[in-house]
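Visitor: Contents of structure.cif (mmCIF, C-alpha atoms) are below:
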```
data_model
loop_
_atom_site.group_PDB
_atom_site.id
_atom_site.type_symbol
_atom_site.label_atom_id
_atom_site.label_comp_id
_atom_site.auth_asym_id
_atom_site.auth_seq_id
_atom_site.Cartn_x
_atom_site.Cartn_y
_atom_site.Cartn_z
ATOM 1 C CA MET A 225 7.020 -4.097 12.497
ATOM 2 C CA ILE A 226 9.633 -1.361 12.266
ATOM 3 C CA PHE A 227 8.458 0.283 15.496
ATOM 4 C CA GLU A 228 8.840 -2.924 17.507
ATOM 5 C CA ARG A 229 12.274 -3.599 16.043
ATOM 6 C CA LEU A 230 13.511 -0.061 16.731
ATOM 7 C CA SER A 231 12.050 -0.213 20.217
ATOM 8 C CA GLU A 232 13.969 -3.428 20.918
ATOM 9 C CA ILE A 233 17.214 -1.966 19.602
ATOM 10 C CA PHE A 234 16.994 1.348 21.452
ATOM 11 C CA THR A 235 15.795 -0.073 24.742
ATOM 12 C CA GLY A 236 18.475 -2.759 24.536
ATOM 13 C CA ILE A 237 21.156 -0.100 24.081
ATOM 14 C CA ILE A 238 19.905 1.954 27.032
ATOM 15 C CA ALA A 239 19.367 -1.080 29.251
ATOM 16 C CA SER A 240 22.913 -2.345 28.635
ATOM 17 C CA THR A 241 24.853 0.946 28.572
ATOM 18 C CA GLY A 242 22.711 3.248 30.731
ATOM 19 C CA TYR A 243 23.603 6.937 30.532
ATOM 20 C CA LEU A 244 26.000 6.381 27.618
ATOM 21 C CA GLY A 245 23.176 4.843 25.598
ATOM 22 C CA VAL A 246 20.901 7.784 26.362
ATOM 23 C CA PHE A 247 23.625 10.201 25.280
ATOM 24 C CA ILE A 248 24.439 8.429 21.997
ATOM 25 C CA LEU A 249 20.807 7.965 20.985
ATOM 26 C CA MET A 250 19.870 11.561 21.788
ATOM 27 C CA VAL A 251 22.870 12.842 19.814
ATOM 28 C CA LEU A 252 21.561 10.883 16.830
ATOM 29 C CA GLU A 253 18.006 12.102 17.539
ATOM 30 C CA SER A 254 19.119 15.696 17.138
ATOM 31 C CA MET A 255 20.724 14.945 13.801
ATOM 32 C CA VAL A 256 19.054 13.423 10.743
ATOM 33 C CA ALA A 257 19.083 9.871 12.126
ATOM 34 C CA PRO A 258 15.629 8.275 12.545
ATOM 35 C CA VAL A 259 15.851 8.002 16.319
ATOM 36 C CA PRO A 260 12.628 9.302 17.909
ATOM 37 C CA SER A 261 12.976 10.859 21.344
ATOM 38 C CA GLU A 262 9.493 9.467 22.034
ATOM 39 C CA LEU A 263 11.133 6.041 22.244
ATOM 40 C CA VAL A 264 14.311 6.972 24.062
ATOM 41 C CA MET A 265 13.243 9.334 26.840
ATOM 42 C CA PRO A 266 10.067 7.574 28.071
ATOM 43 C CA PHE A 267 12.027 4.314 28.437
ATOM 44 C CA ALA A 268 14.719 6.214 30.332
ATOM 45 C CA GLY A 269 11.896 7.530 32.518
ATOM 46 C CA PHE A 270 10.768 3.967 33.181
ATOM 47 C CA LEU A 271 14.303 3.106 34.297
ATOM 48 C CA VAL A 272 14.312 6.181 36.534
ATOM 49 C CA ALA A 273 11.057 5.024 38.132
ATOM 50 C CA ASP A 274 12.631 1.576 38.552
ATOM 51 C CA GLY A 275 15.591 3.104 40.373
ATOM 52 C CA LYS A 276 18.165 2.208 37.710
ATOM 53 C CA LEU A 277 18.864 5.759 36.498
ATOM 54 C CA ASN A 278 18.977 9.127 38.236
ATOM 55 C CA LEU A 279 16.350 11.653 37.099
ATOM 56 C CA TRP A 280 18.526 14.770 37.130
ATOM 57 C CA LEU A 281 21.505 13.052 35.571
ATOM 58 C CA VAL A 282 19.353 11.814 32.688
ATOM 59 C CA ILE A 283 18.015 15.344 32.149
ATOM 60 C CA VAL A 284 21.540 16.809 32.021
ATOM 61 C CA ILE A 285 22.921 14.056 29.784
ATOM 62 C CA SER A 286 20.001 14.135 27.343
ATOM 63 C CA SER A 287 20.186 17.922 27.089
ATOM 64 C CA LEU A 288 23.936 17.868 26.413
ATOM 65 C CA ALA A 289 23.358 15.149 23.837
ATOM 66 C CA SER A 290 20.666 17.163 22.051
ATOM 67 C CA ILE A 291 22.940 20.202 21.933
ATOM 68 C CA THR A 292 25.841 18.075 20.668
ATOM 69 C CA GLY A 293 23.815 16.477 17.871
ATOM 70 C CA SER A 294 22.351 19.814 16.850
ATOM 71 C CA LEU A 295 25.799 21.423 16.760
ATOM 72 C CA ILE A 296 27.158 18.640 14.550
ATOM 73 C CA SER A 297 24.408 19.257 11.995
ATOM 74 C CA TYR A 298 24.822 23.018 12.360
ATOM 75 C CA PHE A 299 28.572 22.954 11.668
ATOM 76 C CA VAL A 300 28.262 20.442 8.810
ATOM 77 C CA ALA A 301 25.911 22.898 7.108
ATOM 78 C CA TYR A 302 27.892 25.977 8.196
ATOM 79 C CA PHE A 303 31.262 24.815 6.858
ATOM 80 C CA GLY A 304 29.936 22.662 4.046
ATOM 81 C CA GLU A 305 27.510 25.209 2.613
ATOM 82 C CA LYS A 306 29.057 25.439 -0.867
ATOM 83 C CA GLU A 307 29.518 21.692 -1.190
ATOM 84 C CA LEU A 308 25.997 20.930 0.053
ATOM 85 C CA ILE A 309 24.406 23.415 -2.339
ATOM 86 C CA HIS A 310 26.573 22.235 -5.230
ATOM 87 C CA ARG A 311 25.745 18.576 -4.679
ATOM 88 C CA PHE A 312 22.199 18.667 -3.361
ATOM 89 C CA GLY A 313 20.877 22.173 -3.997
ATOM 90 C CA ARG A 314 19.119 21.263 -7.211
ATOM 91 C CA PHE A 315 17.352 18.348 -5.539
ATOM 92 C CA VAL A 316 15.826 20.577 -2.829
ATOM 93 C CA PHE A 317 15.410 23.611 -5.111
ATOM 94 C CA LEU A 318 17.935 25.606 -3.138
ATOM 95 C CA ASP A 319 19.871 28.305 -4.961
ATOM 96 C CA LYS A 320 21.388 31.677 -4.104
ATOM 97 C CA GLU A 321 18.018 33.445 -3.733
ATOM 98 C CA GLU A 322 16.584 30.781 -1.422
ATOM 99 C CA LEU A 323 19.755 30.807 0.637
ATOM 100 C CA GLU A 324 19.581 34.581 1.034
ATOM 101 C CA TRP A 325 15.941 34.290 2.099
ATOM 102 C CA THR A 326 16.920 31.605 4.635
ATOM 103 C CA GLU A 327 19.643 33.851 6.033
ATOM 104 C CA ARG A 328 17.224 36.760 6.441
ATOM 105 C CA TRP A 329 14.665 34.505 8.110
ATOM 106 C CA PHE A 330 17.100 33.143 10.691
ATOM 107 C CA GLN A 331 18.493 36.609 11.360
ATOM 108 C CA LYS A 332 15.008 37.831 12.271
ATOM 109 C CA HIS A 333 13.218 34.730 13.568
ATOM 110 C CA GLY A 334 15.977 32.190 14.182
ATOM 111 C CA SER A 335 15.634 31.999 17.966
ATOM 112 C CA ILE A 336 11.890 31.339 18.077
ATOM 113 C CA THR A 337 12.174 29.000 15.076
ATOM 114 C CA ILE A 338 14.764 26.838 16.835
ATOM 115 C CA LEU A 339 12.789 26.849 20.083
ATOM 116 C CA ILE A 340 9.465 25.837 18.521
ATOM 117 C CA SER A 341 11.067 23.266 16.243
ATOM 118 C CA ARG A 342 12.311 21.272 19.231
ATOM 119 C CA PHE A 343 8.691 20.347 19.969
ATOM 120 C CA ILE A 344 7.750 19.333 16.417
ATOM 121 C CA PRO A 345 8.365 15.749 15.230
ATOM 122 C CA VAL A 346 10.547 15.331 12.130
ATOM 123 C CA VAL A 347 11.292 19.084 12.018
ATOM 124 C CA ARG A 348 13.554 18.927 15.084
ATOM 125 C CA HIS A 349 15.747 16.363 13.290
ATOM 126 C CA LEU A 350 16.386 18.773 10.416
ATOM 127 C CA ILE A 351 16.168 22.342 11.727
ATOM 128 C CA SER A 352 19.885 22.635 12.579
ATOM 129 C CA ILE A 353 20.824 22.290 8.910
ATOM 130 C CA PRO A 354 19.071 25.449 7.648
ATOM 131 C CA ALA A 355 20.261 27.234 10.785
ATOM 132 C CA GLY A 356 23.842 26.358 9.849
ATOM 133 C CA LEU A 357 23.360 27.289 6.202
ATOM 134 C CA ALA A 358 21.958 30.642 7.310
ATOM 135 C CA ARG A 359 24.886 31.127 9.719
ATOM 136 C CA MET A 360 22.542 31.795 12.609
ATOM 137 C CA ASP A 361 24.245 33.413 15.611
ATOM 138 C CA LEU A 362 25.863 30.463 17.411
ATOM 139 C CA ARG A 363 25.136 31.747 20.907
ATOM 140 C CA HIS A 364 21.439 32.075 20.170
ATOM 141 C CA PHE A 365 21.398 28.713 18.444
ATOM 142 C CA ILE A 366 22.924 26.949 21.448
ATOM 143 C CA LEU A 367 20.751 28.811 23.968
ATOM 144 C CA PHE A 368 17.405 28.136 22.319
ATOM 145 C CA THR A 369 18.355 24.595 21.378
ATOM 146 C CA ALA A 370 19.211 23.972 25.022
ATOM 147 C CA VAL A 371 15.974 25.493 26.309
ATOM 148 C CA GLY A 372 13.727 23.711 23.835
ATOM 149 C CA ALA A 373 15.513 20.363 24.019
ATOM 150 C CA THR A 374 15.644 20.358 27.822
ATOM 151 C CA ALA A 375 11.938 21.167 28.095
ATOM 152 C CA TRP A 376 10.953 18.476 25.577
ATOM 153 C CA ASN A 377 13.284 15.806 26.952
ATOM 154 C CA THR A 378 12.195 16.473 30.520
ATOM 155 C CA PHE A 379 8.520 16.233 29.557
ATOM 156 C CA LEU A 380 9.030 12.862 27.860
ATOM 157 C CA LEU A 381 11.138 11.658 30.776
ATOM 158 C CA TRP A 382 8.417 12.651 33.257
ATOM 159 C CA VAL A 383 5.764 10.870 31.189
ATOM 160 C CA GLY A 384 7.909 7.742 31.218
ATOM 161 C CA VAL A 385 8.277 7.963 34.996
ATOM 162 C CA GLU A 386 4.494 8.241 35.384
ATOM 163 C CA LEU A 387 3.598 5.516 32.879
ATOM 164 C CA ARG A 388 6.351 3.116 33.963
ATOM 165 C CA GLU A 389 5.743 -0.228 32.151
ATOM 166 C CA ARG A 390 3.294 1.494 29.799
ATOM 167 C CA TRP A 391 5.932 3.942 28.533
ATOM 168 C CA GLU A 392 5.478 2.750 24.915
ATOM 169 C CA LEU A 393 2.072 4.449 24.859
ATOM 170 C CA VAL A 394 3.914 7.735 24.270
ATOM 171 C CA HIS A 395 5.209 6.720 20.877
ATOM 172 C CA GLY A 396 1.925 5.041 20.030
ATOM 173 C CA TYR A 397 0.109 8.360 20.306
ATOM 174 C CA SER A 398 2.940 10.396 18.791
ATOM 175 C CA LYS A 399 2.914 8.315 15.583
ATOM 176 C CA GLN A 400 -0.400 9.906 14.616
ATOM 177 C CA LEU A 401 1.128 13.362 14.991
ATOM 178 C CA ASP A 402 4.178 12.232 13.024
ATOM 179 C CA VAL A 403 1.966 11.256 10.072
ATOM 180 C CA LEU A 404 0.252 14.651 10.161
ATOM 181 C CA ILE A 405 3.542 16.557 10.315
ATOM 182 C CA VAL A 406 5.036 14.544 7.448
ATOM 183 C CA ALA A 407 1.912 15.181 5.348
ATOM 184 C CA LEU A 408 2.146 18.923 6.016
ATOM 185 C CA ILE A 409 5.854 18.930 5.154
ATOM 186 C CA ILE A 410 5.169 17.139 1.870
ATOM 187 C CA ILE A 411 2.498 19.692 0.974
ATOM 188 C CA ALA A 412 4.799 22.583 1.900
ATOM 189 C CA VAL A 413 7.699 21.130 -0.109
ATOM 190 C CA ALA A 414 5.447 20.531 -3.128
ATOM 191 C CA TYR A 415 4.201 24.138 -3.008
ATOM 192 C CA TYR A 416 7.743 25.444 -2.574
ATOM 193 C CA ALA A 417 8.961 23.359 -5.532
ATOM 194 C CA TYR A 418 6.089 24.639 -7.686
ATOM 195 C CA LYS A 419 6.857 28.282 -6.855
ATOM 196 C CA HIS A 420 10.587 27.699 -7.407
ATOM 197 C CA VAL A 421 10.111 26.132 -10.839
ATOM 198 C CA LYS A 422 7.561 28.767 -11.856
ATOM 199 C CA ARG A 423 9.873 31.629 -10.865
ATOM 200 C CA HIS A 424 12.835 30.191 -12.725
ATOM 201 C CA LYS A 425 10.764 29.565 -15.839
ATOM 202 C CA GLN A 426 9.777 33.217 -15.812
ATOM 203 C CA LYS A 427 13.454 34.198 -15.619
ATOM 204 C CA LYS A 428 14.232 32.135 -18.685
ATOM 205 C CA ILE A 429 11.660 33.817 -20.886
ATOM 206 C CA TYR A 430 13.568 34.962 -23.951
ATOM 207 C CA ILE A 431 13.638 38.654 -24.569
ATOM 208 C CA ALA A 432 14.525 39.407 -28.174
ATOM 209 C CA PRO A 433 17.448 41.839 -28.552
ATOM 210 C CA ASP A 434 16.811 45.282 -29.861
ATOM 211 C CA VAL A 435 17.681 45.106 -33.574
ATOM 212 C CA ARG A 436 18.188 48.411 -35.320
#
```
Is it possible to express this structure as structure tokens?

Guide:
Amino acid sequence: MIFERLSEIFTGIIASTGYLGVFILMVLESMVAPVPSELVMPFAGFLVADGKLNLWLVIVISSLASITGSLISYFVAYFGEKELIHRFGRFVFLDKEELEWTERWFQKHGSITILISRFIPVVRHLISIPAGLARMDLRHFILFTAVGATAWNTFLLWVGVELRERWELVHGYSKQLDVLIVALIIIAVAYYAYKHVKRHKQKKIYIAPDVR
């Protein structure tokens, strides 16, 4: 199964490279790469309980990694806005109006959005991209990414320390939540696409010129 294979790969990386493995995997986790923190951090917690890694050092490294990965996605979107919209905008129904709405949203609710998103599977992999497109205040982005990521990473690390050899139970339970979140995202995207298409069809309604 995919889960078992990923688990072998990620745990092998951490077991052989230690803190560097944790850093690399958590950088990828905060980007769009399919690296679940529910696999990385609990196993790191097991190694902490086994005396092979230091608790506080893992917390610091994983937090820095999460911030680094989030910043990479943020800046790719920030500086590549025009190119991203030109190439992929039509596939995600993103145009000038949607971008303006995104900017207004992150100006008003960006901080709490970033903070909450760090605790939501799937969403935390992607949230830095709209934040970058919306040019969210960088200081707030870093601050709330750091707070949310540190809290989430520390929780998973602590669970791994407590579960020890049974650390894989974390991802076993989280998979059910992942399925629910993905289903909700699909529904939300479908509704958004419907509203987008409907609005643009209304704009294209032909209005006959005034003939005198």

Visitor: Give me the residues near A:Leu277 as a ChimeraX atom specification, where near means some atom within 8 Å (using all atoms listed in the file) and where sequence neighbours in that chain fewer than 5 positions away do not count.

Guide: /A:242-243,268,271-272,282

Visitor: Evaluating the PyMOL selection byres ((chain A and resi 357) around 9) on the displayed file yields which residues, as a PyMOL selection string?

Guide: chain A and resi 298-305+323+326-327+352-356+358-360

Visitor: Would you compute an axis-aligned box for stretch 242-246 of chain A, covering every atom listed for it in the file with 5 Å of margin on each side, and report centre and edge lengths in Å to one decimal as JSON?

Guide:
```
{"center_x": 23.5, "center_y": 5.5, "center_z": 28.2, "size_x": 15.1, "size_y": 14.5, "size_z": 15.1}
```

Visitor: Taking (17.0, 0.4, 16.8) in the file's coordinates, which residues come within 12 Å, counting all atoms listed in the file, written as a list in words?

Guide: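 Checking each residue against the 12 Å limit leaves Met225, Ile226, Phe227, Glu228, Arg229, Leu230, Ser231, Glu232, Ile233, Phe234, Thr235, Gly236, Ile237, Ile238, Gly245, Leu249, Leu252, Glu253, Ala257, Pro258, Val259, Pro260, Leu263 and Val264 of chain A.
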
Visitor: Interatomic distance between atom CA of A:Thr378 and atom CA of A:Pro345?

Guide: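 Calculated distance between atom CA of A:Thr378 and atom CA of A:Pro345 is 15.8 Å.
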
Visitor: The PyMOL selection byres ((chain A and resi 266) around 12) - which residues does that actually catch in the file I just gave you? List them as a CSV table (one decimal) with C-alpha atoms, keeping the file's coordinate frame.

Guide:
```
chain,number,residue,atom,x,y,z
A,231,SER,CA,12.0,-0.2,20.2
A,234,PHE,CA,17.0,1.3,21.5
A,235,THR,CA,15.8,-0.1,24.7
A,238,ILE,CA,19.9,2.0,27.0
A,246,VAL,CA,20.9,7.8,26.4
A,260,PRO,CA,12.6,9.3,17.9
A,261,SER,CA,13.0,10.9,21.3
A,262,GLU,CA,9.5,9.5,22.0
A,263,LEU,CA,11.1,6.0,22.2
A,264,VAL,CA,14.3,7.0,24.1
A,265,MET,CA,13.2,9.3,26.8
A,267,PHE,CA,12.0,4.3,28.4
A,268,ALA,CA,14.7,6.2,30.3
A,269,GLY,CA,11.9,7.5,32.5
A,270,PHE,CA,10.8,4.0,33.2
A,271,LEU,CA,14.3,3.1,34.3
A,272,VAL,CA,14.3,6.2,36.5
A,273,ALA,CA,11.1,5.0,38.1
A,279,LEU,CA,16.4,11.7,37.1
A,282,VAL,CA,19.4,11.8,32.7
A,283,ILE,CA,18.0,15.3,32.1
A,286,SER,CA,20.0,14.1,27.3
A,376,TRP,CA,11.0,18.5,25.6
A,377,ASN,CA,13.3,15.8,27.0
A,378,THR,CA,12.2,16.5,30.5
A,379,PHE,CA,8.5,16.2,29.6
A,380,LEU,CA,9.0,12.9,27.9
A,381,LEU,CA,11.1,11.7,30.8
A,382,TRP,CA,8.4,12.7,33.3
A,383,VAL,CA,5.8,10.9,31.2
A,384,GLY,CA,7.9,7.7,31.2
A,385,VAL,CA,8.3,8.0,35.0
A,386,GLU,CA,4.5,8.2,35.4
A,387,LEU,CA,3.6,5.5,32.9
A,388,ARG,CA,6.4,3.1,34.0
A,389,GLU,CA,5.7,-0.2,32.2
A,390,ARG,CA,3.3,1.5,29.8
A,391,TRP,CA,5.9,3.9,28.5
A,392,GLU,CA,5.5,2.8,24.9
A,393,LEU,CA,2.1,4.4,24.9
A,394,VAL,CA,3.9,7.7,24.3
A,395,HIS,CA,5.2,6.7,20.9
A,396,GLY,CA,1.9,5.0,20.0
```

Visitor: Take the PyMOL selection byres ((chain A and resi 340) around 12), run it mentally on this structure, and tell me the resulting residues as an mmCIF file with C-alpha atoms, in the coordinates of the input.

Guide:
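Everything below was put into out-v7.cif:
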```cif
data_model
loop_
_atom_site.group_PDB
_atom_site.id
_atom_site.type_symbol
_atom_site.label_atom_id
_atom_site.label_comp_id
_atom_site.auth_asym_id
_atom_site.auth_seq_id
_atom_site.Cartn_x
_atom_site.Cartn_y
_atom_site.Cartn_z
ATOM 1 C CA HIS A 333 13.218 34.730 13.568
ATOM 2 C CA GLY A 334 15.977 32.190 14.182
ATOM 3 C CA SER A 335 15.634 31.999 17.966
ATOM 4 C CA ILE A 336 11.890 31.339 18.077
ATOM 5 C CA THR A 337 12.174 29.000 15.076
ATOM 6 C CA ILE A 338 14.764 26.838 16.835
ATOM 7 C CA LEU A 339 12.789 26.849 20.083
ATOM 8 C CA SER A 341 11.067 23.266 16.243
ATOM 9 C CA ARG A 342 12.311 21.272 19.231
ATOM 10 C CA PHE A 343 8.691 20.347 19.969
ATOM 11 C CA ILE A 344 7.750 19.333 16.417
ATOM 12 C CA PRO A 345 8.365 15.749 15.230
ATOM 13 C CA VAL A 347 11.292 19.084 12.018
ATOM 14 C CA ARG A 348 13.554 18.927 15.084
ATOM 15 C CA ILE A 351 16.168 22.342 11.727
ATOM 16 C CA PHE A 368 17.405 28.136 22.319
ATOM 17 C CA THR A 369 18.355 24.595 21.378
ATOM 18 C CA ALA A 370 19.211 23.972 25.022
ATOM 19 C CA VAL A 371 15.974 25.493 26.309
ATOM 20 C CA GLY A 372 13.727 23.711 23.835
ATOM 21 C CA ALA A 373 15.513 20.363 24.019
ATOM 22 C CA ALA A 375 11.938 21.167 28.095
ATOM 23 C CA TRP A 376 10.953 18.476 25.577
#
```

Visitor: What does the distance from atom CA of A:Leu244 to atom CA of A:Trp280 come to in Å, to one decimal?

Guide: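 Taking atom CA of A:Leu244 as the start and atom CA of A:Trp280 as the end point, the length is 14.7 Å.
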
Visitor: Could you check how far atom CA of A:Ser240 sits from atom CA of A:Ala289, in Å to one decimal?

Guide: 18.1 Å

Visitor: Smallest atom-to-atom distance to A:Phe247: which of A:Ser287, A:Asn278, A:Gln331, A:Thr374, using all atoms listed in the file?

Guide: A:Ser287

Visitor: Reconstruct stretch 336-347 of chain A at the level of N, CA and C atoms, and format the result as a PDB file, in the coordinates of the input.

Guide:
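Ended up saving to result.pdb:
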```
ATOM      1  N   ILE A 336      13.208  31.929  17.847  1.00  0.00           N
ATOM      2  CA  ILE A 336      11.890  31.339  18.077  1.00  0.00           C
ATOM      3  C   ILE A 336      11.689  30.120  17.182  1.00  0.00           C
ATOM      4  N   THR A 337      12.279  30.146  15.985  1.00  0.00           N
ATOM      5  CA  THR A 337      12.174  29.000  15.076  1.00  0.00           C
ATOM      6  C   THR A 337      12.841  27.774  15.680  1.00  0.00           C
ATOM      7  N   ILE A 338      14.043  27.943  16.210  1.00  0.00           N
ATOM      8  CA  ILE A 338      14.764  26.838  16.835  1.00  0.00           C
ATOM      9  C   ILE A 338      13.999  26.323  18.048  1.00  0.00           C
ATOM     10  N   LEU A 339      13.495  27.241  18.860  1.00  0.00           N
ATOM     11  CA  LEU A 339      12.789  26.849  20.083  1.00  0.00           C
ATOM     12  C   LEU A 339      11.545  26.029  19.761  1.00  0.00           C
ATOM     13  N   ILE A 340      10.710  26.530  18.866  1.00  0.00           N
ATOM     14  CA  ILE A 340       9.465  25.837  18.521  1.00  0.00           C
ATOM     15  C   ILE A 340       9.741  24.507  17.839  1.00  0.00           C
ATOM     16  N   SER A 341      10.765  24.475  17.003  1.00  0.00           N
ATOM     17  CA  SER A 341      11.067  23.266  16.243  1.00  0.00           C
ATOM     18  C   SER A 341      11.431  22.085  17.136  1.00  0.00           C
ATOM     19  N   ARG A 342      11.942  22.355  18.327  1.00  0.00           N
ATOM     20  CA  ARG A 342      12.311  21.272  19.231  1.00  0.00           C
ATOM     21  C   ARG A 342      11.097  20.468  19.682  1.00  0.00           C
ATOM     22  N   PHE A 343       9.900  21.036  19.535  1.00  0.00           N
ATOM     23  CA  PHE A 343       8.691  20.347  19.969  1.00  0.00           C
ATOM     24  C   PHE A 343       7.929  19.708  18.807  1.00  0.00           C
ATOM     25  N   ILE A 344       8.457  19.822  17.602  1.00  0.00           N
ATOM     26  CA  ILE A 344       7.750  19.333  16.417  1.00  0.00           C
ATOM     27  C   ILE A 344       8.454  18.101  15.865  1.00  0.00           C
ATOM     28  N   PRO A 345       7.754  16.960  15.790  1.00  0.00           N
ATOM     29  CA  PRO A 345       8.365  15.749  15.230  1.00  0.00           C
ATOM     30  C   PRO A 345       8.885  15.990  13.819  1.00  0.00           C
ATOM     31  N   VAL A 346       9.917  15.268  13.449  1.00  0.00           N
ATOM     32  CA  VAL A 346      10.547  15.331  12.130  1.00  0.00           C
ATOM     33  C   VAL A 346      11.323  16.648  11.966  1.00  0.00           C
ATOM     34  N   VAL A 347      10.660  17.777  12.210  1.00  0.00           N
ATOM     35  CA  VAL A 347      11.292  19.084  12.018  1.00  0.00           C
ATOM     36  C   VAL A 347      12.516  19.231  12.917  1.00  0.00           C
TER      37      VAL A 347
END
```
